[in-house]
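Participant: Below is the file my_file.cif, with mmCIF, C-alpha atoms.
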data_run
#
loop_
_atom_site.group_PDB
_atom_site.id
_atom_site.type_symbol
_atom_site.label_atom_id
_atom_site.label_comp_id
_atom_site.auth_asym_id
_atom_site.auth_seq_id
_atom_site.Cartn_x
_atom_site.Cartn_y
_atom_site.Cartn_z
ATOM 1 C CA MET A 277 -0.426 15.095 -5.040
ATOM 2 C CA ARG A 278 -2.696 15.027 -8.003
ATOM 3 C CA VAL A 279 -5.713 13.143 -9.298
ATOM 4 C CA THR A 280 -6.611 13.553 -12.955
ATOM 5 C CA TYR A 281 -10.237 13.191 -13.973
ATOM 6 C CA ILE A 282 -11.137 12.463 -17.571
ATOM 7 C CA LEU A 283 -14.862 12.796 -18.250
ATOM 8 C CA GLY A 284 -16.474 11.558 -21.432
ATOM 9 C CA SER A 285 -18.825 14.548 -21.356
ATOM 10 C CA LYS A 286 -19.294 17.840 -19.508
ATOM 11 C CA SER A 287 -22.658 16.504 -18.316
ATOM 12 C CA ASP A 288 -20.715 14.044 -16.104
ATOM 13 C CA TYR A 289 -19.399 16.847 -13.872
ATOM 14 C CA PRO A 290 -22.271 16.831 -11.329
ATOM 15 C CA ILE A 291 -21.458 13.162 -10.632
ATOM 16 C CA ILE A 292 -17.898 13.974 -9.530
ATOM 17 C CA GLU A 293 -18.427 17.418 -7.999
ATOM 18 C CA GLU A 294 -18.718 16.268 -4.373
ATOM 19 C CA GLY A 295 -15.740 13.928 -4.760
ATOM 20 C CA VAL A 296 -13.607 16.727 -6.182
ATOM 21 C CA LYS A 297 -14.476 18.881 -3.156
ATOM 22 C CA LEU A 298 -13.533 16.002 -0.860
ATOM 23 C CA LEU A 299 -10.152 15.599 -2.560
ATOM 24 C CA HIS A 300 -9.529 19.339 -2.229
ATOM 25 C CA SER A 301 -10.342 19.109 1.497
ATOM 26 C CA PHE A 302 -7.638 16.414 1.733
ATOM 27 C CA GLY A 303 -5.155 18.775 0.061
ATOM 28 C CA VAL A 304 -5.203 16.862 -3.230
ATOM 29 C CA GLU A 305 -5.157 18.741 -6.522
ATOM 30 C CA ALA A 306 -7.798 17.526 -8.979
ATOM 31 C CA ARG A 307 -7.467 18.335 -12.659
ATOM 32 C CA ILE A 308 -10.469 17.767 -14.893
ATOM 33 C CA PHE A 309 -10.517 17.151 -18.640
ATOM 34 C CA ILE A 310 -13.326 16.388 -21.063
ATOM 35 C CA SER A 311 -12.336 13.853 -23.695
ATOM 36 C CA SER A 312 -13.764 10.773 -25.363
ATOM 37 C CA ALA A 313 -12.097 7.475 -26.216
ATOM 38 C CA HIS A 314 -14.254 7.318 -29.341
ATOM 39 C CA ARG A 315 -14.861 10.887 -30.494
ATOM 40 C CA THR A 316 -11.486 12.425 -29.554
ATOM 41 C CA PRO A 317 -8.998 9.545 -29.197
ATOM 42 C CA GLU A 318 -5.932 11.621 -30.125
ATOM 43 C CA ARG A 319 -6.855 14.268 -27.545
ATOM 44 C CA THR A 320 -7.431 11.589 -24.934
ATOM 45 C CA MET A 321 -4.062 9.990 -25.638
ATOM 46 C CA LYS A 322 -2.344 13.376 -25.407
ATOM 47 C CA ILE A 323 -3.978 14.076 -22.020
ATOM 48 C CA ILE A 324 -2.896 10.671 -20.708
ATOM 49 C CA LYS A 325 0.705 11.092 -21.836
ATOM 50 C CA GLU A 326 1.002 14.612 -20.418
ATOM 51 C CA GLU A 327 -0.814 13.901 -17.159
ATOM 52 C CA GLU A 328 0.865 10.586 -16.341
ATOM 53 C CA LYS A 329 4.093 12.529 -15.747
ATOM 54 C CA ILE A 330 2.492 14.608 -12.981
ATOM 55 C CA THR A 331 -0.538 12.707 -11.685
ATOM 56 C CA ASP A 332 -0.804 9.897 -9.160
ATOM 57 C CA VAL A 333 -4.218 8.470 -10.088
ATOM 58 C CA PHE A 334 -6.637 8.750 -13.009
ATOM 59 C CA ILE A 335 -10.407 8.750 -12.464
ATOM 60 C CA THR A 336 -12.352 8.177 -15.657
ATOM 61 C CA VAL A 337 -16.065 8.792 -16.046
ATOM 62 C CA ALA A 338 -18.001 7.253 -18.927
ATOM 63 C CA GLY A 339 -21.367 5.853 -19.918
ATOM 64 C CA GLY A 340 -22.641 3.552 -22.627
ATOM 65 C CA ALA A 341 -19.828 1.415 -24.020
ATOM 66 C CA ALA A 342 -17.596 3.115 -21.420
ATOM 67 C CA HIS A 343 -14.292 2.396 -23.107
ATOM 68 C CA LEU A 344 -12.601 5.446 -21.592
ATOM 69 C CA PRO A 345 -11.185 3.706 -18.479
ATOM 70 C CA GLY A 346 -9.751 0.862 -20.526
ATOM 71 C CA PHE A 347 -8.358 3.274 -23.080
ATOM 72 C CA VAL A 348 -6.602 5.223 -20.323
ATOM 73 C CA ALA A 349 -5.351 2.033 -18.624
ATOM 74 C CA ALA A 350 -3.858 0.865 -21.926
ATOM 75 C CA PHE A 351 -1.594 3.932 -22.075
ATOM 76 C CA THR A 352 -0.440 4.310 -18.455
ATOM 77 C CA ILE A 353 0.770 2.245 -15.543
ATOM 78 C CA LYS A 354 -0.759 4.700 -13.067
ATOM 79 C CA PRO A 355 -3.877 3.460 -11.225
ATOM 80 C CA VAL A 356 -7.095 4.017 -13.169
ATOM 81 C CA ILE A 357 -10.472 4.161 -11.459
ATOM 82 C CA GLY A 358 -13.569 3.762 -13.616
ATOM 83 C CA LEU A 359 -16.793 5.519 -12.672
ATOM 84 C CA PRO A 360 -19.765 4.284 -14.724
ATOM 85 C CA VAL A 361 -22.481 6.708 -15.739
ATOM 86 C CA SER A 362 -26.087 5.632 -15.825
ATOM 87 C CA ALA A 363 -27.296 6.053 -19.391
ATOM 88 C CA GLU A 364 -30.139 4.782 -21.519
ATOM 89 C CA PRO A 365 -31.136 2.134 -22.372
ATOM 90 C CA PHE A 366 -29.343 -0.066 -19.830
ATOM 91 C CA LYS A 367 -29.215 2.295 -16.820
ATOM 92 C CA GLY A 368 -25.440 2.058 -16.425
ATOM 93 C CA MET A 369 -25.185 -1.723 -16.343
ATOM 94 C CA ASP A 370 -23.534 -1.699 -19.771
ATOM 95 C CA SER A 371 -20.974 0.816 -18.507
ATOM 96 C CA LEU A 372 -20.296 -1.205 -15.383
ATOM 97 C CA PHE A 373 -19.820 -4.460 -17.297
ATOM 98 C CA SER A 374 -17.575 -2.746 -19.833
ATOM 99 C CA MET A 375 -15.321 -1.445 -17.073
ATOM 100 C CA VAL A 376 -15.030 -4.611 -14.988
ATOM 101 C CA GLN A 377 -14.337 -6.904 -17.941
ATOM 102 C CA MET A 378 -10.883 -5.599 -18.754
ATOM 103 C CA PRO A 379 -8.411 -8.028 -20.300
ATOM 104 C CA LYS A 380 -5.842 -9.732 -18.085
ATOM 105 C CA GLY A 381 -2.965 -7.399 -17.231
ATOM 106 C CA ILE A 382 -4.798 -4.088 -17.870
ATOM 107 C CA PRO A 383 -6.863 -3.543 -14.699
ATOM 108 C CA VAL A 384 -9.316 -0.779 -13.930
ATOM 109 C CA GLY A 385 -10.615 -0.305 -10.391
ATOM 110 C CA VAL A 386 -14.376 0.225 -10.717
ATOM 111 C CA VAL A 387 -16.809 1.927 -8.349
ATOM 112 C CA SER A 388 -20.593 2.137 -8.432
ATOM 113 C CA ALA A 389 -22.416 4.349 -10.899
ATOM 114 C CA GLY A 390 -23.665 7.812 -10.089
ATOM 115 C CA LYS A 391 -22.955 10.180 -7.206
ATOM 116 C CA TRP A 392 -22.098 7.380 -4.768
ATOM 117 C CA GLY A 393 -19.435 6.328 -7.236
ATOM 118 C CA GLY A 394 -18.348 9.945 -7.508
ATOM 119 C CA ILE A 395 -17.575 10.000 -3.790
ATOM 120 C CA ASN A 396 -16.182 6.474 -3.680
ATOM 121 C CA SER A 397 -13.836 7.122 -6.593
ATOM 122 C CA ALA A 398 -12.408 10.134 -4.735
ATOM 123 C CA VAL A 399 -12.068 8.159 -1.492
ATOM 124 C CA PHE A 400 -10.449 5.255 -3.366
ATOM 125 C CA ALA A 401 -7.997 7.659 -5.021
ATOM 126 C CA ALA A 402 -7.214 9.169 -1.606
ATOM 127 C CA GLU A 403 -6.600 5.668 -0.206
ATOM 128 C CA ILE A 404 -4.123 5.021 -3.018
ATOM 129 C CA LEU A 405 -2.443 8.374 -2.342
ATOM 130 C CA SER A 406 -2.260 7.638 1.391
ATOM 131 C CA ILE A 407 0.340 4.950 0.694
ATOM 132 C CA LYS A 408 2.766 7.639 -0.438
ATOM 133 C CA TYR A 409 1.449 10.698 1.412
ATOM 134 C CA PRO A 410 0.923 10.276 5.199
ATOM 135 C CA GLY A 411 -1.054 13.527 5.436
ATOM 136 C CA VAL A 412 -3.759 12.036 3.235
ATOM 137 C CA GLU A 413 -3.920 8.964 5.457
ATOM 138 C CA GLU A 414 -4.536 11.192 8.493
ATOM 139 C CA LYS A 415 -7.334 13.024 6.682
ATOM 140 C CA LEU A 416 -8.926 9.730 5.598
ATOM 141 C CA ILE A 417 -8.909 8.506 9.188
ATOM 142 C CA LYS A 418 -10.598 11.749 10.288
ATOM 143 C CA TYR A 419 -13.137 11.470 7.430
ATOM 144 C CA ARG A 420 -14.058 7.907 8.446
ATOM 145 C CA ASP A 421 -14.267 8.939 12.095
ATOM 146 C CA GLU A 422 -16.682 11.761 11.196
ATOM 147 C CA MET A 423 -18.866 9.288 9.271
ATOM 148 C CA ARG A 424 -18.877 6.924 12.258
ATOM 149 C CA LYS A 425 -19.863 9.739 14.627
ATOM 150 C CA LYS A 426 -22.770 10.777 12.391
ATOM 151 C CA VAL A 427 -24.166 7.250 12.475
ATOM 152 C CA GLU A 428 -23.707 6.964 16.237
ATOM 153 C CA GLU A 429 -25.472 10.301 16.786
ATOM 154 C CA GLU A 430 -28.571 9.316 14.806
ATOM 155 C CA VAL A 431 -31.646 8.913 16.944
ATOM 156 C CA VAL A 432 -34.929 7.279 16.047
ATOM 157 C CA GLU A 433 -37.935 8.675 17.853
#
Please express what this file holds, its structure, as structure tokens.
Facilitator:
Amino acid sequence: MRVTYILGSKSDYPIIEEGVKLLHSFGVEARIFISSAHRTPERTMKIIKEEEKITDVFITVAGGAAHLPGFVAAFTIKPVIGLPVSAEPFKGMDSLFSMVQMPKGIPVGVVSAGKWGGINSAVFAAEILSIKYPGVEEKLIKYRDEMRKKVEEEVVE
């Protein structure tokens, strides 16, 4: 089981760090690459072609024009999750809109920007993996149950 992350910049790593740890706790291998759809398109294409043979899901992280998820989706039939990065001057809205407005037939699943999106992209990838790998489904059920228990244990005084 493998999830491949492609980050537009090394500075995006803190956004995905907690999600990567979560995937590891589910027994999922996470490989991380830094590559840009605009600045290193040949490198990005090479990563996609090599990784699509061995990965189950791509998670792409990009800000600004955020073409990376669409670029990846154009070269693979594996699921692609887009994680927008909040960047100036539009605070991530440009990234979000870029990712959700993919042309018909080339979808990208998009999560919220920032660290919430970092966790949700990992959970979404795990949900996709759970279709094929029952052990991941069991760990997702446990994860959700732990979240439920935390809420139920909260007390307001």
Participant: For the provided coordinates, the residues matched by the PyMOL selection byres ((chain A and resi 387) around 12) should be stated as an MDAnalysis selection string.
Facilitator: chainID A and resid 335:338 345 356:361 368 371:373 375:376 384:386 388:401
Participant: Store the residues picked out above in a file with C-alpha atoms, as a PDB file, in the frame of the given file.
Facilitator:
ATOM      1  CA  ILE A 335     -10.407   8.750 -12.464  1.00  0.00           C
ATOM      2  CA  THR A 336     -12.352   8.177 -15.657  1.00  0.00           C
ATOM      3  CA  VAL A 337     -16.065   8.792 -16.046  1.00  0.00           C
ATOM      4  CA  ALA A 338     -18.001   7.253 -18.927  1.00  0.00           C
ATOM      5  CA  PRO A 345     -11.185   3.706 -18.479  1.00  0.00           C
ATOM      6  CA  VAL A 356      -7.095   4.017 -13.169  1.00  0.00           C
ATOM      7  CA  ILE A 357     -10.472   4.161 -11.459  1.00  0.00           C
ATOM      8  CA  GLY A 358     -13.569   3.762 -13.616  1.00  0.00           C
ATOM      9  CA  LEU A 359     -16.793   5.519 -12.672  1.00  0.00           C
ATOM     10  CA  PRO A 360     -19.765   4.284 -14.724  1.00  0.00           C
ATOM     11  CA  VAL A 361     -22.481   6.708 -15.739  1.00  0.00           C
ATOM     12  CA  GLY A 368     -25.440   2.058 -16.425  1.00  0.00           C
ATOM     13  CA  SER A 371     -20.974   0.816 -18.507  1.00  0.00           C
ATOM     14  CA  LEU A 372     -20.296  -1.205 -15.383  1.00  0.00           C
ATOM     15  CA  PHE A 373     -19.820  -4.460 -17.297  1.00  0.00           C
ATOM     16  CA  MET A 375     -15.321  -1.445 -17.073  1.00  0.00           C
ATOM     17  CA  VAL A 376     -15.030  -4.611 -14.988  1.00  0.00           C
ATOM     18  CA  VAL A 384      -9.316  -0.779 -13.930  1.00  0.00           C
ATOM     19  CA  GLY A 385     -10.615  -0.305 -10.391  1.00  0.00           C
ATOM     20  CA  VAL A 386     -14.376   0.225 -10.717  1.00  0.00           C
ATOM     21  CA  SER A 388     -20.593   2.137  -8.432  1.00  0.00           C
ATOM     22  CA  ALA A 389     -22.416   4.349 -10.899  1.00  0.00           C
ATOM     23  CA  GLY A 390     -23.665   7.812 -10.089  1.00  0.00           C
ATOM     24  CA  LYS A 391     -22.955  10.180  -7.206  1.00  0.00           C
ATOM     25  CA  TRP A 392     -22.098   7.380  -4.768  1.00  0.00           C
ATOM     26  CA  GLY A 393     -19.435   6.328  -7.236  1.00  0.00           C
ATOM     27  CA  GLY A 394     -18.348   9.945  -7.508  1.00  0.00           C
ATOM     28  CA  ILE A 395     -17.575  10.000  -3.790  1.00  0.00           C
ATOM     29  CA  ASN A 396     -16.182   6.474  -3.680  1.00  0.00           C
ATOM     30  CA  SER A 397     -13.836   7.122  -6.593  1.00  0.00           C
ATOM     31  CA  ALA A 398     -12.408  10.134  -4.735  1.00  0.00           C
ATOM     32  CA  VAL A 399     -12.068   8.159  -1.492  1.00  0.00           C
ATOM     33  CA  PHE A 400     -10.449   5.255  -3.366  1.00  0.00           C
ATOM     34  CA  ALA A 401      -7.997   7.659  -5.021  1.00  0.00           C
TER      35      ALA A 401
END
Participant: Quick one: residues within 10 Å of Ile404 in chain A, all atoms listed in the file, excluding same-chain residues fewer than 4 positions away - as a list in words?
Facilitator: Asp332, Val333, Pro355, Ala398, Val399, Phe400, Lys408, Tyr409, Val412 and Glu413 of chain A
Participant: Please write as a list in words the full residue list that the PyMOL selection byres ((chain A and resi 344) around 9) yields on this file.
Facilitator: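 For this structure, the PyMOL selection byres ((chain A and resi 344) around 9) captures Ile282, Leu283, Gly284, Ser311, Ser312, Ala313, His314, Thr320, Thr336, Val337, Ala338, Gly339, Ala341, Ala342, His343, Pro345, Gly346, Phe347, Val348, Ala349, Gly358 and Met375 of chain A.
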Participant: For each of A:Leu299, A:Gln377, A:Met321, A:Pro365, take the minimum atom-to-atom distance to Ala350 in chain A, counting only C-alpha atoms, then give the residue where this is smallest.
Facilitator: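 Closest candidate: A:Met321.
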Participant: In Å to one decimal, how far is CA of Met277 in chain A from CA of Val304 in chain A?
Facilitator: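 Distance between the two atoms: 5.4 Å.
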Participant: So, counting all atoms listed in the file, which residue among A:Gly303, A:Ile308, A:Phe334, A:Ile407 is closest to Tyr289 in chain A?
Facilitator: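 Of all the options, A:Ile308 lies closest to Tyr289 in chain A.
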Participant: Quick one: residues within 6 Å of Ala306 in chain A, all atoms listed in the file counted, chain neighbours fewer than 5 positions away excluded, as a ChimeraX atom specification?
Facilitator: /A:278-280
Participant: Taking into account all atoms listed in the file, which residue in the set A:Lys425, A:Arg307, A:Glu433, A:Lys367 is nearest to Ile292 in chain A?
Facilitator: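 Closest to Ile292 in chain A of all the choices is A:Arg307.
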Participant: Which residue is closest to Gly411 in chain A? Choose from A:Lys380, A:Lys354, A:Ile324, A:Phe302 and count all atoms listed in the file.
Facilitator: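 Between A:Lys380, A:Lys354, A:Ile324, A:Phe302, the residue approaching Gly411 in chain A most closely is A:Phe302.
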Participant: So, counting all atoms listed in the file, which residue among A:Glu429, A:Pro379, A:Val296, A:Ile353 is closest to Glu327 in chain A?
Facilitator: A:Ile353
Participant: Just to confirm, what's the straight-line distance from CA of Val431 in chain A to CA of Glu293 in chain A in Å (one decimal)?
Facilitator: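 Atom-to-atom, CA of Val431 in chain A to CA of Glu293 in chain A, that is 29.5 Å.
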Participant: Please give the centre and size of the box around range 420-433 of chain A (axis-aligned, containing every atom listed in the file, 8 Å added per side), with values in Å to one decimal and written as JSON.
Facilitator:
{"center_x": -26.0, "center_y": 9.3, "center_z": 13.1, "size_x": 39.9, "size_y": 20.8, "size_z": 25.4}
